[in-house]
$ cat data_24.csv   # CSV, C-alpha atoms
chain,number,residue,atom,x,y,z
W,1,MET,CA,91.6,-47.3,-27.8
W,2,LEU,CA,93.3,-49.4,-25.2
W,3,VAL,CA,93.8,-46.2,-23.1
W,4,LYS,CA,90.1,-45.4,-23.2
W,5,VAL,CA,89.1,-48.8,-22.0
W,6,SER,CA,91.6,-48.7,-19.2
W,7,LEU,CA,90.2,-45.3,-18.0
W,8,LEU,CA,86.6,-46.6,-18.1
W,9,VAL,CA,87.6,-49.7,-16.0
W,10,ALA,CA,89.4,-47.5,-13.5
W,11,LEU,CA,86.3,-45.2,-13.2
W,12,ALA,CA,84.0,-48.1,-12.7
W,13,ASN,CA,86.2,-49.5,-9.9
W,14,THR,CA,86.2,-46.1,-8.2
W,15,LEU,CA,82.4,-45.9,-8.2
W,16,VAL,CA,82.1,-49.4,-6.8
W,17,SER,CA,84.4,-48.6,-4.0
W,18,VAL,CA,82.5,-45.4,-3.1
W,19,VAL,CA,79.1,-47.2,-3.1
W,20,SER,CA,80.4,-50.1,-1.0
W,21,GLY,CA,81.9,-47.7,1.5
W,22,SER,CA,78.6,-45.9,2.1
W,23,PRO,CA,77.1,-46.5,5.6
W,24,VAL,CA,74.1,-48.9,5.7
W,25,ALA,CA,71.6,-48.7,8.6
W,26,GLU,CA,71.7,-51.9,10.6
W,27,THR,CA,68.8,-53.5,12.4
W,28,ASN,CA,68.9,-53.9,16.2
W,29,ALA,CA,69.4,-57.7,15.7
W,30,GLN,CA,72.5,-57.1,13.5
W,31,ARG,CA,74.0,-54.6,16.0
W,32,MET,CA,73.4,-56.9,19.0
W,33,ALA,CA,75.0,-59.8,17.1
W,34,ARG,CA,78.1,-57.6,16.8
W,35,GLY,CA,78.0,-56.7,20.5
W,36,LEU,CA,76.7,-53.1,19.9
W,37,PRO,CA,73.8,-51.4,21.7
W,38,PRO,CA,70.5,-51.1,19.8
W,39,ASN,CA,69.6,-48.1,17.7
W,40,PRO,CA,68.1,-45.1,19.6
W,41,PRO,CA,64.2,-44.7,19.2
W,42,SER,CA,63.4,-42.7,16.1
W,43,GLN,CA,61.4,-40.0,17.9
W,44,PHE,CA,64.3,-39.3,20.3
W,45,ALA,CA,66.6,-39.2,17.3
W,46,ARG,CA,64.5,-36.4,15.9
W,47,GLY,CA,64.4,-34.6,19.2
W,48,VAL,CA,60.6,-34.9,19.5
W,49,SER,CA,58.9,-36.0,22.7
W,50,PRO,CA,55.6,-37.8,22.1
W,51,VAL,CA,54.2,-36.2,25.4
W,52,TRP,CA,55.0,-32.6,24.5
W,53,ALA,CA,54.0,-33.2,20.9
W,54,ALA,CA,50.4,-34.0,22.0
W,55,LYS,CA,47.8,-31.3,21.3
W,56,ARG,CA,47.0,-29.2,24.4
W,57,THR,CA,43.4,-28.1,24.9
W,58,GLU,CA,41.8,-25.7,27.4
W,59,PRO,CA,38.2,-25.8,28.8
W,60,SER,CA,35.9,-23.8,26.7
W,61,THR,CA,34.0,-22.3,29.6
W,62,ARG,CA,34.7,-21.6,33.3
W,63,PRO,CA,32.4,-22.8,36.0
W,64,SER,CA,30.0,-20.2,37.3
W,65,THR,CA,30.8,-18.4,40.6
W,66,CYS,CA,28.3,-19.0,43.4
W,67,TYR,CA,27.9,-17.7,46.9
W,68,PRO,CA,25.6,-19.4,49.4
W,69,GLY,CA,23.6,-17.8,52.2
W,70,LYS,CA,20.3,-16.2,53.3
W,71,ILE,CA,18.8,-12.9,52.2
W,72,GLU,CA,19.0,-10.4,55.0
W,73,VAL,CA,16.7,-7.4,54.8
W,74,ARG,CA,17.8,-4.0,56.2
W,75,TYR,CA,16.0,-0.8,56.5
W,76,ASP,CA,17.4,2.1,54.4
W,77,PHE,CA,16.8,4.8,56.9
W,78,ASP,CA,18.9,3.4,59.7
W,79,GLY,CA,20.4,0.1,58.5
W,80,HIS,CA,18.9,-2.1,61.2
W,81,VAL,CA,17.9,-5.6,60.2
W,82,ALA,CA,14.2,-6.2,59.6
W,83,GLY,CA,14.6,-10.0,59.1
W,84,TYR,CA,15.2,-12.5,56.4
W,85,VAL,CA,13.3,-13.3,53.2
W,86,ARG,CA,10.7,-16.0,54.0
W,87,ASN,CA,10.4,-19.5,52.7
W,88,TRP,CA,6.7,-20.3,52.9
W,89,GLU,CA,4.9,-23.2,51.3
W,90,ASN,CA,1.9,-21.2,50.4
W,91,GLY,CA,3.2,-17.6,50.6
W,92,GLY,CA,6.4,-18.0,48.6
W,93,ILE,CA,9.2,-15.5,49.2
W,94,SER,CA,7.5,-12.1,49.0
W,95,GLY,CA,7.8,-11.2,52.7
W,96,LEU,CA,9.8,-11.6,55.8
W,97,ASN,CA,10.2,-14.9,57.7
W,98,PHE,CA,8.4,-15.2,61.1
W,99,SER,CA,8.2,-18.9,61.4
W,100,GLY,CA,10.3,-21.9,60.2
W,101,ASP,CA,13.6,-21.6,58.4
W,102,PRO,CA,14.2,-18.6,56.2
W,103,LEU,CA,15.0,-19.0,52.6
W,104,GLU,CA,18.5,-20.2,51.7
W,105,VAL,CA,19.9,-19.3,48.4
W,106,LYS,CA,23.0,-19.4,46.2
W,107,VAL,CA,24.0,-16.3,44.3
W,108,CYS,CA,25.5,-17.2,41.0
W,109,LYS,CA,27.1,-15.1,38.3
W,110,THR,CA,25.4,-15.5,35.0
W,111,ARG,CA,27.6,-16.9,32.2
W,112,SER,CA,26.4,-14.6,29.4
W,113,TYR,CA,26.6,-11.3,31.2
W,114,THR,CA,29.2,-10.9,33.9
W,115,ASP,CA,27.7,-8.0,35.7
W,116,ARG,CA,24.5,-9.8,36.6
W,117,TYR,CA,23.7,-12.6,39.0
W,118,ASP,CA,21.0,-15.2,39.5
W,119,ILE,CA,19.6,-15.9,43.0
W,120,ILE,CA,18.4,-19.5,43.3
W,121,ALA,CA,16.5,-21.0,46.2
W,122,THR,CA,18.2,-24.1,47.6
W,123,ASN,CA,15.8,-25.1,50.5
W,124,ALA,CA,12.5,-24.1,48.9
W,125,VAL,CA,9.3,-25.6,50.5
W,126,PHE,CA,7.2,-23.9,47.8
W,127,LYS,CA,6.6,-25.3,44.3
W,128,PRO,CA,9.0,-24.3,41.5
W,129,PRO,CA,10.2,-22.1,39.8
W,130,TYR,CA,13.2,-21.5,42.2
W,131,TYR,CA,14.8,-18.4,40.8
W,132,VAL,CA,14.4,-15.2,42.9
W,133,GLY,CA,13.5,-12.2,40.9
W,134,ALA,CA,10.6,-10.0,39.8
W,135,GLY,CA,7.3,-10.5,38.2
W,136,SER,CA,4.6,-8.1,36.9
W,137,GLY,CA,1.7,-10.4,36.1
W,138,THR,CA,0.0,-10.5,32.7
W,139,VAL,CA,1.3,-7.0,31.7
W,140,ALA,CA,5.0,-6.1,31.2
W,141,GLY,CA,5.7,-3.8,34.2
W,142,ILE,CA,7.2,-0.4,33.9
W,143,LEU,CA,9.0,1.4,36.7
W,144,ALA,CA,9.7,5.2,36.6
W,145,THR,CA,10.7,8.0,38.9
W,146,GLY,CA,7.7,10.2,39.7
W,147,ASP,CA,5.3,7.4,39.1
W,148,ARG,CA,3.5,5.1,41.5
W,149,SER,CA,4.3,1.9,39.8
W,150,SER,CA,5.5,-1.4,41.1
W,151,VAL,CA,6.5,-5.0,40.2
W,152,GLY,CA,6.4,-8.0,42.5
W,153,PHE,CA,9.2,-9.7,44.3
W,154,SER,CA,8.7,-13.4,43.7
W,155,ASN,CA,10.1,-16.7,42.7
W,156,THR,CA,10.4,-16.8,38.9
W,157,PRO,CA,11.5,-18.9,36.0
W,158,GLN,CA,15.0,-18.2,34.7
W,159,THR,CA,15.1,-15.4,32.2
W,160,PRO,CA,18.0,-13.9,30.2
W,161,PRO,CA,20.1,-11.2,31.9
W,162,ASN,CA,19.9,-7.6,30.9
W,163,ALA,CA,16.7,-8.2,29.0
W,164,PRO,CA,13.2,-6.8,29.2
W,165,PRO,CA,10.4,-8.8,30.8
W,166,THR,CA,10.0,-12.3,29.5
W,167,LEU,CA,6.6,-13.8,29.0
W,168,VAL,CA,6.4,-17.3,30.5
W,169,ASN,CA,3.1,-19.1,30.8
W,170,GLY,CA,1.1,-15.9,30.5
W,171,ASN,CA,3.1,-13.8,33.0
W,172,TYR,CA,6.1,-11.5,32.7
W,173,TYR,CA,9.2,-12.2,34.7
W,174,GLU,CA,12.9,-11.1,35.1
W,175,SER,CA,15.3,-13.3,37.1
W,176,ALA,CA,18.8,-12.2,36.4
W,177,ILE,CA,18.3,-8.6,37.8
W,178,TRP,CA,20.9,-8.7,40.5
W,179,SER,CA,24.3,-7.3,41.0
W,180,TYR,CA,26.4,-8.5,43.9
W,181,ASN,CA,29.1,-6.6,45.9
W,182,SER,CA,31.4,-9.2,47.3
W,183,SER,CA,32.9,-6.7,49.8
W,184,THR,CA,29.7,-5.4,51.3
W,185,LYS,CA,27.6,-8.5,50.3
W,186,GLU,CA,24.8,-6.2,49.1
W,187,LEU,CA,22.4,-7.5,46.5
W,188,SER,CA,21.0,-4.7,44.3
W,189,PRO,CA,18.2,-5.2,41.8
W,190,GLN,CA,17.9,-3.6,38.3
W,191,TRP,CA,14.5,-4.0,36.6
W,192,ILE,CA,14.6,-3.6,32.8
W,193,ASN,CA,11.6,-1.8,31.3
W,194,PRO,CA,10.0,-3.2,28.1
W,195,ASP,CA,11.7,-0.5,26.1
W,196,GLY,CA,15.1,-1.6,27.4
W,197,SER,CA,15.6,1.3,29.8
W,198,LYS,CA,17.0,0.8,33.3
W,199,PRO,CA,14.9,2.7,35.8
W,200,SER,CA,15.6,3.3,39.5
W,201,THR,CA,14.7,0.0,41.2
W,202,VAL,CA,13.9,0.3,44.9
W,203,ILE,CA,13.2,-2.7,47.1
W,204,ALA,CA,10.1,-1.7,49.2
W,205,TYR,CA,8.7,-3.4,52.3
W,206,ASP,CA,5.2,-2.9,53.6
W,207,ILE,CA,5.4,-4.0,57.2
W,208,ARG,CA,1.6,-4.1,57.7
W,209,ALA,CA,1.1,-6.5,54.8
W,210,ASN,CA,4.5,-8.2,55.3
W,211,ASP,CA,5.0,-7.7,51.6
W,212,LEU,CA,8.3,-7.1,49.6
W,213,PHE,CA,8.1,-5.6,46.1
W,214,PHE,CA,9.9,-3.2,43.8
W,215,VAL,CA,9.1,0.4,43.0
W,216,GLY,CA,10.6,3.1,40.9
W,217,ASP,CA,9.9,5.9,43.4
W,218,ILE,CA,9.2,5.1,47.0
W,219,SER,CA,7.9,8.7,47.8
W,220,GLN,CA,5.3,8.5,45.0
W,221,TRP,CA,4.2,5.0,46.2
W,222,ASN,CA,3.5,6.5,49.7
W,223,VAL,CA,1.6,9.5,48.5
W,224,SER,CA,-1.9,7.9,48.3
W,225,GLY,CA,-1.9,6.6,51.9
W,226,SER,CA,-0.1,3.3,51.3
W,227,PHE,CA,3.1,3.1,53.3
W,228,ALA,CA,6.3,1.1,52.5
W,229,SER,CA,9.9,1.5,53.6
W,230,ALA,CA,12.9,1.3,51.3
W,231,VAL,CA,15.1,-1.7,52.2
W,232,HIS,CA,18.2,-3.3,51.0
W,233,PHE,CA,19.2,-7.0,50.6
W,234,TYR,CA,22.4,-8.5,51.9
W,235,LEU,CA,23.7,-12.1,51.6
W,236,ALA,CA,24.2,-13.3,55.1
$ encode --input "data_24.csv" --output "structure tokens"
Amino acid sequence: MLVKVSLLVALANTLVSVVSGSPVAETNAQRMARGLPPNPPSQFARGVSPVWAAKRTEPSTRPSTCYPGKIEVRYDFDGHVAGYVRNWENGGISGLNFSGDPLEVKVCKTRSYTDRYDIIATNAVFKPPYYVGAGSGTVAGILATGDRSSVGFSNTPQTPPNAPPTLVNGNYYESAIWSYNSSTKELSPQWINPDGSKPSTVIAYDIRANDLFFVGDISQWNVSGSFASAVHFYLA
């Protein structure tokens, strides 16, 4: 019995010595009182930097790409410059400029359809809207090869890209009809028919009426005695 008690006492003493020998974290005040440096910051001890641990975010959208300039009109048959799109208080944009300053614009890539651009007037002396596109009046226009059909070149409200004519205040419009070649700086239109088809879209200029408009077939337009020349637009 005496042997068992002695063993128990020895075991208890061993446990006490182990516990008392375990390291105990000291406060900075205790360490400094002993002449030791303070404890390292806890985040550094874990190897984590609060700066790099912060959540990184990226912008959800990129800013649109825009190109400023004027719309230069060149004849298709020989490439010579006919003039610039006009900026008239009462006549809008559907002709060439012969007095005052021509129309100044910015050509901006649409956010929702990367192959299409909006053209926006930046020095307009006419009343809004200020987008440059096509309008067909109270009936949704249809262009087709072999047909003498047309739609007007005009300032328009903004409409969705790659979409058929949009009815706004009783009239049909398309604004985001443009593609832009940044190498040649040519602006090419693409009218969308009401059924979603993409017809040939030719820019026509009637020099006698000083009128710009769009046709599907310039030859058919000229059959009945009217005369217009095919032209091209360039950002200048």
$ atom_distance --input "data_24.csv" --atom1 "CA of Phe213 (chain W)" --atom2 "CA of Ser149 (chain W)"
10.5 Å
$ atom_distance --input "data_24.csv" --atom1 "CA of Thr159 (chain W)" --atom2 "CA of Glu174 (chain W)"
5.6 Å
$ residues_around --input "data_24.csv" --residues "region 79-85 of chain W" --least-positions-apart "3" --cutoff "7 Å" --atoms "only C-alpha atoms" --output "list of chain:residue names"
W:Ile71, W:Glu72, W:Val73, W:Arg74, W:Tyr75, W:Asp76, W:Ile93, W:Gly95, W:Leu96, W:Asn97, W:Pro102, W:Leu103
$ closest_residue --input "data_24.csv" --among "W:Asp147, W:Asp206, W:Asp118, W:Pro160" --to "Val223 (chain W)" --atoms "all atoms listed in the file"
W:Asp147
$ closest_residue --input "data_24.csv" --among "W:Val125, W:Val202, W:Leu167, W:Leu187" --to "Glu89 (chain W)" --atoms "all atoms listed in the file"
W:Val125
$ residues_around --input "data_24.csv" --residues "Gly100 (chain W)" --least-positions-apart "6" --cutoff "10 Å" --atoms "all atoms listed in the file" --output "MDAnalysis selection string"
chainID W and resid 86:88
